[in-house]
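Containing mmCIF, C-alpha atoms: entry-v3.cif.
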data_model
#
loop_
_atom_site.group_PDB
_atom_site.id
_atom_site.type_symbol
_atom_site.label_atom_id
_atom_site.label_comp_id
_atom_site.auth_asym_id
_atom_site.auth_seq_id
_atom_site.Cartn_x
_atom_site.Cartn_y
_atom_site.Cartn_z
ATOM 1 C CA MET A 8 73.023 128.990 114.993
ATOM 2 C CA LYS A 9 76.450 127.586 114.214
ATOM 3 C CA ASP A 10 77.892 125.132 116.709
ATOM 4 C CA TYR A 11 80.385 127.083 118.843
ATOM 5 C CA LYS A 12 82.481 123.966 119.401
ATOM 6 C CA ILE A 13 83.668 124.055 115.774
ATOM 7 C CA ILE A 14 85.480 127.391 116.088
ATOM 8 C CA ILE A 15 86.846 126.527 119.532
ATOM 9 C CA ASP A 16 88.280 123.271 118.151
ATOM 10 C CA LYS A 17 89.800 125.185 115.241
ATOM 11 C CA TYR A 18 91.745 127.696 117.354
ATOM 12 C CA TYR A 19 92.135 125.948 120.728
ATOM 13 C CA PRO A 20 93.739 122.539 120.153
ATOM 14 C CA VAL A 21 92.543 119.603 122.230
ATOM 15 C CA GLY A 22 95.102 118.799 124.921
ATOM 16 C CA SER A 23 96.544 122.327 125.077
ATOM 17 C CA HIS A 24 96.744 124.289 128.300
ATOM 18 C CA ARG A 25 95.247 127.283 126.456
ATOM 19 C CA ARG A 26 92.143 125.232 125.582
ATOM 20 C CA ASP A 27 91.726 124.014 129.172
ATOM 21 C CA ILE A 28 91.843 127.597 130.469
ATOM 22 C CA TYR A 29 89.561 128.848 127.706
ATOM 23 C CA ILE A 30 86.922 126.144 128.142
ATOM 24 C CA ARG A 31 86.880 126.418 131.934
ATOM 25 C CA HIS A 32 86.548 130.210 131.912
ATOM 26 C CA CYS A 33 83.944 130.377 129.158
ATOM 27 C CA ARG A 34 81.912 127.537 130.711
ATOM 28 C CA GLN A 35 81.888 129.435 134.040
ATOM 29 C CA VAL A 36 80.707 132.614 132.329
ATOM 30 C CA SER A 37 78.077 130.764 130.277
ATOM 31 C CA ASP A 38 76.753 128.885 133.293
ATOM 32 C CA LEU A 39 76.462 132.043 135.391
ATOM 33 C CA ALA A 40 74.764 133.924 132.543
ATOM 34 C CA LEU A 41 72.297 131.052 132.020
ATOM 35 C CA SER A 42 71.556 130.905 135.739
ATOM 36 C CA ILE A 43 70.930 134.654 135.930
ATOM 37 C CA SER A 44 68.734 134.515 132.838
ATOM 38 C CA HIS A 45 66.630 131.700 134.290
ATOM 39 C CA LYS A 46 66.266 133.322 137.724
ATOM 40 C CA LEU A 47 65.288 136.672 136.225
ATOM 41 C CA ASN A 48 63.244 135.164 133.385
ATOM 42 C CA LEU A 49 65.147 137.209 130.787
ATOM 43 C CA PRO A 50 63.798 137.206 127.227
ATOM 44 C CA LEU A 51 66.860 135.434 125.796
ATOM 45 C CA ASN A 52 67.167 131.867 124.566
ATOM 46 C CA ASP A 53 69.608 129.469 126.175
ATOM 47 C CA GLU A 54 71.402 128.582 122.918
ATOM 48 C CA GLU A 55 72.201 132.231 122.241
ATOM 49 C CA ILE A 56 73.438 132.791 125.817
ATOM 50 C CA GLU A 57 75.597 129.670 125.754
ATOM 51 C CA THR A 58 77.073 130.466 122.340
ATOM 52 C CA ALA A 59 77.848 134.068 123.322
ATOM 53 C CA GLY A 60 79.343 132.961 126.636
ATOM 54 C CA MET A 61 81.485 130.276 125.050
ATOM 55 C CA LEU A 62 82.759 132.610 122.314
ATOM 56 C CA HIS A 63 83.148 135.953 124.110
ATOM 57 C CA ASP A 64 86.916 135.422 124.521
ATOM 58 C CA ILE A 65 87.597 133.637 121.210
ATOM 59 C CA GLY A 66 90.227 136.246 120.267
ATOM 60 C CA ILE A 67 92.610 135.643 123.181
ATOM 61 C CA PHE A 68 94.799 133.193 121.218
ATOM 62 C CA LEU A 69 95.824 136.105 118.963
ATOM 63 C CA THR A 70 97.250 138.026 121.921
ATOM 64 C CA ASP A 71 100.520 137.916 123.784
ATOM 65 C CA ALA A 72 99.389 136.559 127.153
ATOM 66 C CA GLU A 73 101.901 133.920 128.155
ATOM 67 C CA SER A 74 100.286 133.242 131.553
ATOM 68 C CA ILE A 75 97.251 131.787 129.763
ATOM 69 C CA ASP A 76 99.291 130.068 127.022
ATOM 70 C CA CYS A 77 98.462 132.647 124.341
ATOM 71 C CA HIS A 78 101.437 133.457 122.133
ATOM 72 C CA GLY A 79 100.056 135.815 119.512
ATOM 73 C CA SER A 80 101.459 139.232 118.678
ATOM 74 C CA GLU A 81 98.555 141.483 119.682
ATOM 75 C CA HIS A 82 98.056 143.365 122.963
ATOM 76 C CA TYR A 83 95.659 141.499 125.261
ATOM 77 C CA LEU A 84 93.233 144.444 125.381
ATOM 78 C CA ARG A 85 92.568 143.830 121.691
ATOM 79 C CA HIS A 86 91.162 140.324 122.238
ATOM 80 C CA GLY A 87 87.538 141.496 122.125
ATOM 81 C CA LEU A 88 87.974 143.475 118.930
ATOM 82 C CA LEU A 89 89.936 140.616 117.345
ATOM 83 C CA GLY A 90 87.343 138.105 118.477
ATOM 84 C CA GLY A 91 84.545 140.134 116.915
ATOM 85 C CA VAL A 92 86.384 140.264 113.584
ATOM 86 C CA LEU A 93 87.152 136.541 113.731
ATOM 87 C CA LEU A 94 83.547 135.606 114.511
ATOM 88 C CA ARG A 95 82.243 137.701 111.615
ATOM 89 C CA ASP A 96 84.838 136.139 109.274
ATOM 90 C CA GLU A 97 83.760 132.672 110.446
ATOM 91 C CA GLY A 98 80.093 133.439 109.685
ATOM 92 C CA TYR A 99 78.724 133.867 113.209
ATOM 93 C CA PRO A 100 75.785 136.252 113.717
ATOM 94 C CA GLU A 101 76.491 139.903 114.420
ATOM 95 C CA GLU A 102 74.893 139.684 117.883
ATOM 96 C CA ILE A 103 77.500 137.073 118.905
ATOM 97 C CA ALA A 104 80.410 139.009 117.360
ATOM 98 C CA ARG A 105 79.307 142.134 119.234
ATOM 99 C CA VAL A 106 79.393 140.272 122.564
ATOM 100 C CA ALA A 107 83.074 139.479 121.976
ATOM 101 C CA GLU A 108 83.779 143.021 120.843
ATOM 102 C CA HIS A 109 81.964 144.805 123.689
ATOM 103 C CA HIS A 110 82.697 142.773 126.838
ATOM 104 C CA THR A 111 86.122 144.154 127.863
ATOM 105 C CA GLY A 112 86.008 145.715 131.324
ATOM 106 C CA ALA A 113 82.510 147.069 131.775
ATOM 107 C CA GLY A 114 82.767 148.351 128.234
ATOM 108 C CA LEU A 115 85.125 150.971 126.867
ATOM 109 C CA THR A 116 84.350 154.390 125.444
ATOM 110 C CA ALA A 117 86.306 156.291 122.820
ATOM 111 C CA GLU A 118 87.205 158.729 125.609
ATOM 112 C CA ASP A 119 88.566 155.866 127.771
ATOM 113 C CA ILE A 120 90.675 154.665 124.853
ATOM 114 C CA ILE A 121 92.107 158.092 124.056
ATOM 115 C CA ALA A 122 92.652 159.184 127.682
ATOM 116 C CA ASN A 123 94.438 155.944 128.578
ATOM 117 C CA ASN A 124 96.229 155.507 125.245
ATOM 118 C CA LEU A 125 94.714 152.035 124.846
ATOM 119 C CA PRO A 126 95.693 149.965 121.788
ATOM 120 C CA LEU A 127 92.251 150.114 120.168
ATOM 121 C CA PRO A 128 90.660 152.248 117.485
ATOM 122 C CA PRO A 129 88.928 155.069 119.393
ATOM 123 C CA LYS A 130 85.231 154.250 119.341
ATOM 124 C CA ASP A 131 82.720 153.035 121.896
ATOM 125 C CA TYR A 132 82.807 149.340 122.771
ATOM 126 C CA LEU A 133 79.951 149.372 125.257
ATOM 127 C CA PRO A 134 77.681 146.418 125.962
ATOM 128 C CA GLU A 135 74.350 147.695 124.650
ATOM 129 C CA THR A 136 72.036 144.743 124.066
ATOM 130 C CA LEU A 137 70.656 142.577 126.857
ATOM 131 C CA LEU A 138 72.855 139.675 125.714
ATOM 132 C CA GLU A 139 75.967 141.869 125.593
ATOM 133 C CA ARG A 140 75.323 143.250 129.078
ATOM 134 C CA LEU A 141 74.560 139.815 130.540
ATOM 135 C CA ILE A 142 77.767 138.177 129.248
ATOM 136 C CA CYS A 143 79.856 141.229 130.150
ATOM 137 C CA TYR A 144 78.442 141.133 133.685
ATOM 138 C CA ALA A 145 78.938 137.379 134.175
ATOM 139 C CA ASP A 146 82.482 137.588 132.793
ATOM 140 C CA LYS A 147 83.586 139.969 135.537
ATOM 141 C CA PHE A 148 83.160 137.241 138.173
ATOM 142 C CA TYR A 149 85.781 134.924 136.641
ATOM 143 C CA SER A 150 89.419 135.289 135.706
ATOM 144 C CA LYS A 151 91.420 133.179 133.277
ATOM 145 C CA SER A 152 94.356 133.148 135.685
ATOM 146 C CA GLY A 153 94.974 132.306 139.328
ATOM 147 C CA ASP A 154 92.589 129.877 140.981
ATOM 148 C CA MET A 155 89.815 130.712 138.483
ATOM 149 C CA GLU A 156 87.231 130.540 141.269
ATOM 150 C CA ARG A 157 84.267 132.883 141.318
ATOM 151 C CA LYS A 158 85.167 136.321 142.674
ATOM 152 C CA PRO A 159 83.013 137.901 145.368
ATOM 153 C CA LEU A 160 81.111 141.032 144.347
ATOM 154 C CA ASP A 161 83.316 143.375 146.405
ATOM 155 C CA LYS A 162 86.439 142.184 144.521
ATOM 156 C CA VAL A 163 84.698 142.640 141.179
ATOM 157 C CA ILE A 164 83.705 146.195 142.112
ATOM 158 C CA LYS A 165 87.255 146.978 143.284
ATOM 159 C CA SER A 166 88.685 145.713 140.000
ATOM 160 C CA MET A 167 86.210 147.896 138.070
ATOM 161 C CA GLU A 168 87.151 150.913 140.224
ATOM 162 C CA LYS A 169 90.801 150.421 139.193
ATOM 163 C CA LEU A 170 89.685 151.016 135.609
ATOM 164 C CA GLY A 171 88.132 154.342 136.602
ATOM 165 C CA PRO A 172 84.875 155.739 137.934
ATOM 166 C CA ASP A 173 83.048 155.375 134.621
ATOM 167 C CA SER A 174 83.841 151.679 134.410
ATOM 168 C CA ALA A 175 82.756 151.126 138.010
ATOM 169 C CA SER A 176 79.547 153.050 137.357
ATOM 170 C CA ARG A 177 78.788 150.973 134.245
ATOM 171 C CA PHE A 178 79.374 147.758 136.189
ATOM 172 C CA LYS A 179 77.144 148.922 139.045
ATOM 173 C CA LYS A 180 74.332 149.580 136.539
ATOM 174 C CA MET A 181 74.742 146.040 135.217
ATOM 175 C CA HIS A 182 74.666 144.776 138.796
ATOM 176 C CA GLU A 183 71.380 146.605 139.394
ATOM 177 C CA GLU A 184 70.024 144.876 136.297
ATOM 178 C CA PHE A 185 71.354 141.352 136.955
ATOM 179 C CA GLY A 186 72.472 141.153 140.601
ATOM 180 C CA LYS A 187 69.211 139.670 141.894
ATOM 181 C CA GLY A 188 69.927 136.690 139.638
ATOM 182 C CA ILE A 189 73.171 135.803 141.377
#
I'd like the structure from this file rewritten - as structure tokens, please.
Amino acid sequence: MKDYKIIIDKYYPVGSHRRDIYIRHCRQVSDLALSISHKLNLPLNDEEIETAGMLHDIGIFLTDAESIDCHGSEHYLRHGLLGGVLLRDEGYPEEIARVAEHHTGAGLTAEDIIANNLPLPPKDYLPETLLERLICYADKFYSKSGDMERKPLDKVIKSMEKLGPDSASRFKKMHEEFGKGI
């Protein structure tokens, strides 16, 4: 598997605030996902988990999110889709690109996109594989803004409920699958 550090170095310059935020967040997500995998003895290899965790948000630099030092032109909700495209263009495996593309919220459906007029092509972006679900789940416990400390489960659930009952339900299913590993 390609070294994830190469693409991070390419798009997140050393010494930039954006890189510091990116590395801290992605390291938190990767570490939690690895811990859950080890505790639950999941049939995933550590290199794949770490690579997916470190690259799940690779597309944020293309978005307009000033609070995290991202000054692109795209809507932040597009960062997963953009990250998936970027990873494919950079030669990363499809399973890693899909993690980036399918981790937003607890996944998004075409119906969610249409009903909420979200700036994405209307199709399902649901975490389907074990790796996709694991990274999506771990990601919900960490923000790229504020104190960046791990959120308690009740706050994660509340944030998923704000996105609608389907999102909360999808997260709760992931919690049933991975929560014993926390």
Residue with the minimum atom-to-atom distance to A:Met8, picked from A:Ser176, A:Thr116, A:Thr58, A:Asn48 with only C-alpha atoms counted, is A:Thr58
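As for atom CA of A:Gln35 and atom CA of A:Lys162, they are spaced 17.1 Å apart.
Evaluated on this file, the PyMOL selection byres ((chain A and resi 11-15) around 9) matches Met8, Lys9, Asp10, Asp16, Lys17, Tyr18, Tyr19, Pro20, Arg26, Tyr29, Ile30, Glu57, Thr58, Ala59, Met61, Leu62, Ile65, Leu94, Glu97 and Tyr99 of chain A.
The gap separating atom CA of A:Met181 from atom CA of A:Ile164 is 11.3 Å, in Å to one decimal.
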Which residues of stretch 80-186 of chain A come within 9 Å of stretch 42-46 of chain A, and for each one, what is the closest pair of atoms and their distance in Å to one decimal, counting all atoms listed in the file, sorted by chain and residue number, as JSON lines?
{"residue": "A:Leu141", "atom": "CA", "partner": "A:Ser44", "partner_atom": "CA", "distance": 8.2}
{"residue": "A:Ala145", "atom": "CA", "partner": "A:Ile43", "partner_atom": "CA", "distance": 8.6}
{"residue": "A:Phe185", "atom": "CA", "partner": "A:Ile43", "partner_atom": "CA", "distance": 6.8}
{"residue": "A:Gly186", "atom": "CA", "partner": "A:Ile43", "partner_atom": "CA", "distance": 8.2}
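Closest to A:His109 among A:Ile28, A:Met167, A:Ala122, A:Leu84 is A:Leu84, based on only C-alpha atoms.
Considering only C-alpha atoms, the residue among A:His63, A:Arg140, A:Arg31, A:Lys130 positioned nearest to A:Ala107 is A:His63.
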